[in-house]
$ cat structure.txt   # compact mmCIF, C-alpha atoms
# COMPACT_ATOMS: atom_id res chain seq x y z
CA MET A 290 -7.82 -19.75 -2.22
CA THR A 291 -11.60 -19.86 -2.74
CA ALA A 292 -12.77 -22.99 -4.57
CA VAL A 293 -13.36 -22.58 -8.30
CA THR A 294 -16.70 -24.18 -9.09
CA GLY A 295 -19.88 -23.83 -11.11
CA ALA A 296 -20.75 -23.05 -14.70
CA PRO A 297 -17.76 -21.67 -16.62
CA VAL A 298 -17.09 -18.32 -18.19
CA VAL A 299 -17.07 -19.23 -21.90
CA VAL A 300 -15.00 -17.20 -24.35
CA GLY A 301 -15.04 -17.42 -28.14
CA VAL A 302 -11.64 -17.13 -29.86
CA ASP A 303 -10.43 -16.99 -33.46
CA GLY A 304 -6.74 -16.10 -33.23
CA SER A 305 -7.26 -12.36 -33.65
CA ARG A 306 -5.83 -9.77 -31.27
CA ARG A 307 -9.37 -8.82 -30.29
CA SER A 308 -10.23 -12.37 -29.30
CA LEU A 309 -7.16 -12.46 -27.05
CA ASP A 310 -8.51 -9.29 -25.44
CA ALA A 311 -11.68 -11.30 -24.87
CA VAL A 312 -9.62 -14.05 -23.20
CA GLU A 313 -8.12 -11.45 -20.85
CA ALA A 314 -11.59 -10.16 -20.00
CA ALA A 315 -13.01 -13.66 -19.56
CA THR A 316 -10.17 -14.64 -17.24
CA ALA A 317 -10.72 -11.52 -15.13
CA GLU A 318 -14.44 -12.33 -14.93
CA ALA A 319 -13.66 -15.91 -13.92
CA VAL A 320 -11.39 -14.69 -11.12
CA LEU A 321 -14.12 -12.36 -9.84
CA ARG A 322 -16.71 -15.15 -9.91
CA HIS A 323 -14.45 -18.02 -8.75
CA ARG A 324 -15.36 -19.96 -11.90
CA PRO A 325 -13.39 -21.88 -14.54
CA VAL A 326 -12.77 -20.60 -18.06
CA HIS A 327 -13.85 -22.55 -21.13
CA ILE A 328 -12.22 -21.49 -24.43
CA VAL A 329 -14.08 -22.28 -27.66
CA HIS A 330 -13.19 -21.99 -31.34
CA ALA A 331 -15.68 -22.63 -34.14
CA PHE A 332 -14.17 -24.65 -36.98
CA VAL A 333 -15.59 -25.30 -40.43
CA TRP A 334 -13.73 -27.80 -42.62
CA PRO A 335 -12.74 -26.21 -45.96
CA THR A 336 -14.66 -27.51 -48.94
CA VAL A 337 -12.28 -29.49 -51.13
CA GLY A 338 -12.08 -28.75 -54.83
CA THR A 339 -13.49 -25.22 -54.77
CA ALA A 340 -11.80 -22.18 -56.27
CA ALA A 341 -10.78 -21.15 -52.75
CA THR A 342 -9.20 -24.51 -51.91
CA PRO A 343 -8.05 -26.15 -55.17
CA GLY A 344 -6.53 -29.56 -54.72
CA LEU A 345 -6.67 -29.61 -50.92
CA ALA A 346 -6.50 -33.09 -49.48
CA GLY A 347 -5.10 -35.15 -46.63
CA PRO A 348 -2.21 -33.34 -44.93
CA SER A 349 -3.27 -29.94 -46.27
CA LEU A 350 -6.71 -30.27 -44.72
CA ARG A 351 -5.16 -31.47 -41.48
CA ALA A 352 -3.14 -28.25 -41.33
CA PHE A 353 -6.36 -26.27 -41.01
CA ARG A 354 -7.36 -28.34 -37.99
CA ASP A 355 -3.89 -27.99 -36.48
CA GLN A 356 -4.20 -24.24 -36.83
CA ALA A 357 -7.53 -24.33 -35.00
CA ASP A 358 -5.96 -26.39 -32.20
CA GLU A 359 -3.16 -23.83 -31.89
CA ILE A 360 -5.68 -20.98 -31.62
CA VAL A 361 -7.27 -22.45 -28.49
CA ALA A 362 -3.87 -23.52 -27.13
CA GLU A 363 -2.56 -19.95 -27.42
CA ALA A 364 -5.64 -18.66 -25.64
CA ALA A 365 -5.23 -21.26 -22.88
CA ARG A 366 -1.60 -20.24 -22.38
CA LEU A 367 -2.67 -16.63 -21.98
CA ALA A 368 -5.38 -17.54 -19.47
CA ALA A 369 -2.91 -19.63 -17.45
CA LYS A 370 -0.41 -16.78 -17.43
CA LEU A 371 -3.03 -14.30 -16.22
CA ALA A 372 -4.62 -16.55 -13.59
CA PRO A 373 -2.66 -19.76 -12.87
CA ASP A 374 -5.18 -20.94 -10.27
CA VAL A 375 -8.19 -20.72 -12.59
CA PRO A 376 -8.89 -23.98 -14.47
CA ALA A 377 -9.06 -23.46 -18.24
CA THR A 378 -10.43 -25.97 -20.74
CA THR A 379 -10.53 -25.76 -24.53
CA HIS A 380 -12.77 -27.07 -27.28
CA VAL A 381 -12.57 -26.83 -31.07
CA ARG A 382 -16.13 -27.39 -32.24
CA ASN A 383 -17.23 -28.10 -35.78
CA GLY A 384 -19.82 -25.62 -36.99
CA GLY A 385 -20.55 -21.98 -37.64
CA ALA A 386 -19.63 -19.44 -35.01
CA GLY A 387 -23.17 -18.31 -34.23
CA GLN A 388 -24.54 -21.79 -33.57
CA VAL A 389 -21.46 -22.93 -31.65
CA LEU A 390 -21.65 -19.95 -29.30
CA ARG A 391 -25.38 -20.35 -28.84
CA ASP A 392 -24.89 -24.01 -27.87
CA GLU A 393 -21.99 -23.23 -25.53
CA SER A 394 -23.98 -20.52 -23.76
CA GLY A 395 -26.42 -23.15 -22.54
CA HIS A 396 -24.02 -24.27 -19.81
CA ALA A 397 -22.22 -20.96 -19.20
CA ALA A 398 -22.43 -18.36 -16.46
CA LEU A 399 -21.22 -15.72 -18.94
CA LEU A 400 -20.29 -15.66 -22.63
CA VAL A 401 -17.41 -13.33 -23.60
CA LEU A 402 -16.66 -12.15 -27.15
CA GLY A 403 -14.58 -9.58 -28.94
CA ASP A 404 -16.56 -7.07 -30.97
CA ARG A 405 -14.86 -8.21 -34.18
CA GLY A 406 -12.46 -10.90 -35.31
CA LEU A 407 -11.21 -13.12 -38.12
CA GLY A 408 -10.65 -16.78 -38.92
CA GLY A 409 -13.32 -18.97 -37.30
CA PHE A 410 -15.26 -15.85 -36.34
CA THR A 411 -14.98 -13.93 -39.62
CA GLU A 412 -18.49 -12.56 -39.16
CA LEU A 413 -17.30 -10.58 -36.15
CA LEU A 414 -15.64 -8.15 -38.56
CA ALA A 415 -19.11 -6.69 -38.96
CA GLY A 416 -20.19 -7.54 -35.43
CA SER A 417 -22.84 -9.96 -36.66
CA VAL A 418 -21.78 -12.84 -34.41
CA ALA A 419 -21.75 -10.56 -31.38
CA VAL A 420 -25.25 -9.37 -32.24
CA GLN A 421 -26.45 -12.92 -32.91
CA ALA A 422 -25.03 -14.16 -29.61
CA ALA A 423 -26.55 -11.26 -27.69
CA THR A 424 -29.91 -12.05 -29.29
CA HIS A 425 -30.02 -15.80 -28.70
CA ALA A 426 -27.53 -16.75 -25.96
CA ALA A 427 -28.80 -18.57 -22.89
CA CYS A 428 -26.71 -16.44 -20.52
CA PRO A 429 -25.46 -12.85 -20.24
CA VAL A 430 -23.05 -11.81 -23.01
CA LEU A 431 -20.00 -9.60 -22.46
CA VAL A 432 -18.78 -7.89 -25.64
CA VAL A 433 -15.25 -6.52 -25.25
CA ARG A 434 -15.17 -3.02 -26.71
CA GLY A 435 -13.15 0.13 -26.34
CA ASP A 436 -10.91 0.40 -23.32
CA ARG A 437 -11.06 -1.82 -20.25
CA HIS A 438 -10.86 0.42 -17.18
CA SER A 439 -10.18 -0.88 -13.68
CA ALA A 440 -11.76 2.29 -12.29
CA GLY A 441 -15.10 3.93 -12.98
CA PRO A 442 -18.64 2.82 -12.24
CA VAL A 443 -20.82 0.09 -13.65
CA VAL A 444 -23.52 1.82 -15.69
CA ALA A 445 -26.95 0.23 -16.14
CA GLY A 446 -29.49 1.32 -18.72
CA VAL A 447 -32.94 1.29 -17.10
CA ASP A 448 -36.28 2.03 -18.79
CA GLY A 449 -38.69 0.36 -16.37
CA SER A 450 -39.30 -2.70 -18.56
CA ALA A 451 -38.95 -6.24 -17.22
CA VAL A 452 -35.95 -6.75 -19.50
CA SER A 453 -34.19 -3.69 -18.09
CA MET A 454 -34.86 -4.98 -14.57
CA ARG A 455 -32.93 -8.12 -15.52
CA ALA A 456 -30.13 -5.85 -16.73
CA LEU A 457 -30.24 -3.98 -13.43
CA ASP A 458 -29.87 -7.26 -11.50
CA VAL A 459 -26.81 -8.14 -13.59
CA ALA A 460 -25.38 -4.64 -13.15
CA VAL A 461 -25.79 -4.85 -9.37
CA GLU A 462 -23.89 -8.15 -9.35
CA GLU A 463 -21.13 -6.69 -11.53
CA ALA A 464 -20.77 -3.60 -9.32
CA VAL A 465 -20.62 -5.70 -6.15
CA LEU A 466 -18.01 -8.03 -7.68
CA ARG A 467 -15.88 -5.07 -8.72
CA GLY A 468 -16.34 -3.10 -5.51
CA THR A 469 -17.46 -0.02 -7.42
CA GLU A 470 -20.53 2.18 -7.57
CA LEU A 471 -23.58 1.53 -9.72
CA VAL A 472 -24.96 4.31 -11.90
CA ALA A 473 -28.51 3.65 -13.07
CA VAL A 474 -29.19 5.76 -16.17
CA HIS A 475 -32.57 6.49 -17.70
CA GLY A 476 -32.60 8.41 -20.97
CA TRP A 477 -35.88 9.82 -22.25
CA THR A 478 -37.03 11.98 -25.14
CA GLY A 479 -40.59 12.95 -24.23
CA ASN A 480 -43.82 11.87 -25.90
CA SER A 481 -42.77 13.24 -29.27
CA GLY A 482 -39.73 10.97 -29.43
CA THR A 483 -37.52 13.97 -30.20
CA GLU A 484 -34.77 15.18 -27.95
CA LEU A 485 -35.77 18.06 -25.68
CA ASN A 486 -33.82 21.29 -26.05
CA ASP A 487 -31.92 22.04 -22.86
CA THR A 488 -31.24 25.63 -23.99
CA LEU A 489 -34.91 26.63 -23.71
CA PRO A 490 -36.72 27.39 -20.44
CA MET A 491 -38.19 24.18 -19.07
CA SER A 492 -41.92 23.94 -19.81
CA TYR A 493 -44.37 22.44 -17.37
CA GLU A 494 -44.66 19.41 -19.67
CA ALA A 495 -40.90 18.88 -19.61
CA TRP A 496 -40.73 19.42 -15.85
CA SER A 497 -43.57 16.97 -15.18
CA GLY A 498 -41.95 14.52 -17.58
CA ASP A 499 -38.75 14.72 -15.60
CA GLN A 500 -40.68 13.99 -12.43
CA GLU A 501 -42.37 10.95 -13.98
CA GLU A 502 -39.11 9.55 -15.30
CA GLU A 503 -37.50 10.08 -11.89
CA ARG A 504 -40.35 8.05 -10.42
CA VAL A 505 -39.80 5.24 -12.93
CA LEU A 506 -36.13 5.04 -12.04
CA ALA A 507 -36.74 5.28 -8.29
CA GLU A 508 -39.23 2.41 -8.46
CA ALA A 509 -36.76 0.30 -10.42
CA LEU A 510 -34.10 0.84 -7.76
CA ALA A 511 -36.39 0.28 -4.78
CA GLY A 512 -35.07 -2.41 -2.46
CA ILE A 513 -31.50 -2.48 -3.75
CA ALA A 514 -30.16 -0.46 -0.82
CA GLY A 515 -31.71 -2.91 1.64
CA ARG A 516 -30.23 -5.93 -0.12
CA TYR A 517 -26.83 -4.35 -0.76
CA PRO A 518 -26.19 -1.81 2.01
CA ASP A 519 -22.53 -1.37 1.05
CA LEU A 520 -23.27 -0.63 -2.61
CA THR A 521 -23.27 3.02 -3.66
CA VAL A 522 -26.09 3.62 -6.16
CA ARG A 523 -26.42 6.82 -8.14
CA ARG A 524 -29.33 7.52 -10.45
CA GLU A 525 -29.38 9.78 -13.48
CA VAL A 526 -32.40 10.83 -15.54
CA ILE A 527 -31.09 12.44 -18.70
CA ARG A 528 -33.11 13.95 -21.51
CA GLY A 529 -31.88 12.44 -24.74
CA PRO A 530 -32.00 9.18 -26.75
CA ALA A 531 -31.02 6.30 -24.49
CA ARG A 532 -28.42 4.92 -26.87
CA GLN A 533 -26.62 8.27 -27.11
CA VAL A 534 -26.83 8.86 -23.37
CA LEU A 535 -25.35 5.43 -22.62
CA VAL A 536 -22.55 5.76 -25.17
CA GLU A 537 -21.59 9.06 -23.55
CA ARG A 538 -21.65 7.48 -20.08
CA SER A 539 -19.53 4.58 -21.36
CA ARG A 540 -16.56 6.95 -21.77
CA THR A 541 -15.96 7.00 -18.01
CA ALA A 542 -17.39 3.58 -17.08
CA GLN A 543 -15.65 0.25 -16.68
CA LEU A 544 -18.77 -1.58 -17.86
CA VAL A 545 -22.20 -0.80 -19.32
CA VAL A 546 -25.06 -3.25 -18.81
CA VAL A 547 -28.23 -3.23 -20.92
CA GLY A 548 -31.17 -5.50 -21.61
CA ASP A 549 -31.46 -7.34 -24.89
CA ARG A 550 -34.48 -5.23 -25.79
CA GLY A 551 -36.52 -2.48 -24.19
CA HIS A 552 -40.11 -1.30 -24.33
CA GLY A 553 -41.77 -2.61 -27.45
CA GLY A 554 -39.20 -5.31 -28.11
CA VAL A 555 -40.36 -8.67 -29.44
CA ALA A 556 -38.83 -11.45 -27.37
CA GLY A 557 -36.62 -13.87 -29.28
CA LEU A 558 -36.64 -12.01 -32.59
CA LEU A 559 -34.39 -8.96 -32.68
CA LEU A 560 -31.80 -7.40 -30.45
CA GLY A 561 -32.95 -3.97 -29.29
CA SER A 562 -31.63 -0.89 -31.06
CA VAL A 563 -29.98 0.43 -27.88
CA SER A 564 -28.12 -2.84 -27.29
CA GLN A 565 -26.98 -3.03 -30.91
CA HIS A 566 -25.81 0.58 -30.87
CA LEU A 567 -23.73 -0.01 -27.75
CA ILE A 568 -22.17 -3.20 -29.14
CA HIS A 569 -20.90 -1.12 -32.06
CA HIS A 570 -20.15 2.24 -30.42
CA ALA A 571 -19.58 2.00 -26.65
CA ALA A 572 -16.22 3.15 -25.30
CA CYS A 573 -16.00 0.29 -22.78
CA PRO A 574 -17.10 -3.36 -22.56
CA VAL A 575 -20.85 -4.02 -22.76
CA VAL A 576 -22.90 -6.72 -21.06
CA VAL A 577 -26.19 -7.68 -22.70
CA ALA A 578 -28.28 -9.25 -19.95
CA ARG A 579 -29.73 -12.32 -21.59
CA PRO A 580 -31.75 -14.66 -19.33
CA VAL A 581 -29.92 -17.62 -17.81
CA ARG A 582 -31.10 -21.02 -18.98
CA ASP A 583 -33.09 -22.96 -16.37
CA ALA A 584 -30.60 -25.85 -16.48
CA VAL A 585 -27.83 -23.61 -15.16
CA ARG A 586 -30.07 -22.16 -12.45
CA THR A 587 -31.21 -25.60 -11.36
CA ARG A 588 -27.70 -27.03 -11.28
CA GLU A 589 -26.37 -24.17 -9.17
CA GLY A 590 -29.40 -23.43 -7.03
CA GLY A 591 -29.86 -19.87 -8.27
CA PRO A 592 -28.57 -17.22 -10.65
CA PRO A 593 -24.87 -17.25 -11.46
$ encode --input "structure.txt" --output "structure tokens"
Amino acid sequence: MTAVTGAPVVVGVDGSRRSLDAVEAATAEAVLRHRPVHIVHAFVWPTVGTAATPGLAGPSLRAFRDQADEIVAEAARLAAKLAPDVPATTHVRNGGAGQVLRDESGHAALLVLGDRGLGGFTELLAGSVAVQAATHAACPVLVVRGDRHSAGPVVAGVDGSAVSMRALDVAVEEAVLRGTELVAVHGWTGNSGTELNDTLPMSYEAWSGDQEEERVLAEALAGIAGRYPDLTVRREVIRGPARQVLVERSRTAQLVVVGDRGHGGVAGLLLGSVSQHLIHHAACPVVVARPVRDAVRTREGGPP
């Protein structure tokens, strides 16, 4: 067996069915990467004497903590069942889900979340924790959505920006790990920002636009074949809004990888509209390619 070392794959759990799906995905990622799994639950002590918790004290309060301990224990049992040789650790951390996950991402190779949940991650019901993590995490974030396919390509959204190049690097790694092809997808709508009508004869402007977008994608992919000669790379330039194009491609993919923001995005403030749309609507798991914190790179001598 290959040694299991390095920064862990961190997974957030809350006792929901969806968070156990995230544990399954995190364990599979850990096996692919030869890394340990670290299971985290965010716990906030109930406020005593409120309308929601009248008369809670002593043993009653302790029961809440015991429940939190059982949530991570159940997740650890599942991870051990799925991959007995992969070390799994657990941690119940005091604090809100968003801050806990942000802190944990600082020493992680990958952060894995369900797209919704309950309990310690109540905010995931609306996807807000997933969006917050994908905006501020110090490592790539895998959001478990839709169906997990063992077949199908890894799809990367590419727009030529530096952020999308980071996503492309992550997508290449994911495709190599899975032994599948990489499909680099570039969706464009023309200068007007409106979707071009494929039923009309192609104008010179549309034709020349296609050629320019092909060039953007070809430049983004330059050098990959030399570095990864065994990786099959397919490129697709598709006229249409990027978020719609990528959701459609997610129906036959095992994974979609996007940057945290595209052209025009303001670093550190908001998650890009394409990334947010995929977190809520993709038909397969989505990786948002957040940058890896320098401490992890330094400790491991390179990207995870």
$ atom_distance --input "structure.txt" --atom1 "atom CA of Glu502 of chain A" --atom2 "atom CA of Arg538 of chain A"
18.2 Å
$ atom_distance --input "structure.txt" --atom1 "atom CA of Val375 of chain A" --atom2 "atom CA of Val300 of chain A"
14.0 Å
$ atom_distance --input "structure.txt" --atom1 "atom CA of Ala531 of chain A" --atom2 "atom CA of Pro442 of chain A"
17.8 Å
$ axis_aligned_box --input "structure.txt" --around "segment 434-451 of chain A" --padding-each-side "5 Å" --output "JSON"
{"center_x": -24.7, "center_y": -1.2, "center_z": -19.5, "size_x": 39.1, "size_y": 20.2, "size_z": 24.5}
$ closest_residue --input "structure.txt" --among "A:Thr424, A:Val465, A:Pro574, A:Leu471" --to "Ser562 of chain A" --atoms "all atoms listed in the file"
A:Thr424
$ closest_residue --input "structure.txt" --among "A:Ser394, A:Ser305, A:Ser439, A:Asn383" --to "Pro580 of chain A" --atoms "only C-alpha atoms"
A:Ser394
$ residues_around --input "structure.txt" --residues "Ala456 of chain A" --least-positions-apart "3" --cutoff "6 Å" --atoms "all atoms listed in the file" --output "tab-separated table (two decimals) with C-alpha atoms, in the frame of the given file"
chain	number	residue	atom	x	y	z
A	453	SER	CA	-34.19	-3.69	-18.09
A	459	VAL	CA	-26.81	-8.14	-13.59
A	547	VAL	CA	-28.23	-3.23	-20.92
A	548	GLY	CA	-31.17	-5.50	-21.61
A	578	ALA	CA	-28.28	-9.25	-19.95
$ closest_residue --input "structure.txt" --among "A:Arg437, A:His425, A:Arg528, A:His396" --to "Glu313 of chain A" --atoms "only C-alpha atoms"
A:Arg437
$ closest_residue --input "structure.txt" --among "A:Val505, A:Leu520, A:Leu399, A:Val452" --to "Trp477 of chain A" --atoms "only C-alpha atoms"
A:Val505
$ residues_around --input "structure.txt" --residues "Leu510 of chain A" --least-positions-apart "3" --cutoff "10 Å" --atoms "only C-alpha atoms" --output "short mmCIF file (atom, residue, chain, number, x, y, z; two decimals) with C-alpha atoms, in the coordinates of the input"
data_model
loop_
_atom_site.label_atom_id
_atom_site.label_comp_id
_atom_site.auth_asym_id
_atom_site.auth_seq_id
_atom_site.Cartn_x
_atom_site.Cartn_y
_atom_site.Cartn_z
CA VAL A 447 -32.94 1.29 -17.10
CA GLY A 449 -38.69 0.36 -16.37
CA MET A 454 -34.86 -4.98 -14.57
CA LEU A 457 -30.24 -3.98 -13.43
CA ASP A 458 -29.87 -7.26 -11.50
CA ALA A 473 -28.51 3.65 -13.07
CA ARG A 504 -40.35 8.05 -10.42
CA VAL A 505 -39.80 5.24 -12.93
CA LEU A 506 -36.13 5.04 -12.04
CA ALA A 507 -36.74 5.28 -8.29
CA ILE A 513 -31.50 -2.48 -3.75
CA ALA A 514 -30.16 -0.46 -0.82
CA VAL A 522 -26.09 3.62 -6.16
CA ARG A 523 -26.42 6.82 -8.14
CA ARG A 524 -29.33 7.52 -10.45
#
$ residues_around --input "structure.txt" --residues "Val474 of chain A" --least-positions-apart "5" --cutoff "7 Å" --atoms "only C-alpha atoms" --output "PyMOL selection string"
chain A and resi 444-447+524-526
$ write_last_selection --input "structure.txt" --atoms "C-alpha atoms" --output "CSV table (one decimal), keeping the file's coordinate frame"
chain,number,residue,atom,x,y,z
A,444,VAL,CA,-23.5,1.8,-15.7
A,445,ALA,CA,-27.0,0.2,-16.1
A,446,GLY,CA,-29.5,1.3,-18.7
A,447,VAL,CA,-32.9,1.3,-17.1
A,524,ARG,CA,-29.3,7.5,-10.4
A,525,GLU,CA,-29.4,9.8,-13.5
A,526,VAL,CA,-32.4,10.8,-15.5
$ closest_residue --input "structure.txt" --among "A:Gly387, A:Ala419, A:Thr316, A:Gln533" --to "Pro373 of chain A" --atoms "only C-alpha atoms"
A:Thr316
$ closest_residue --input "structure.txt" --among "A:Pro376, A:Ala511, A:Ala364, A:Leu371" --to "His323 of chain A" --atoms "only C-alpha atoms"
A:Pro376
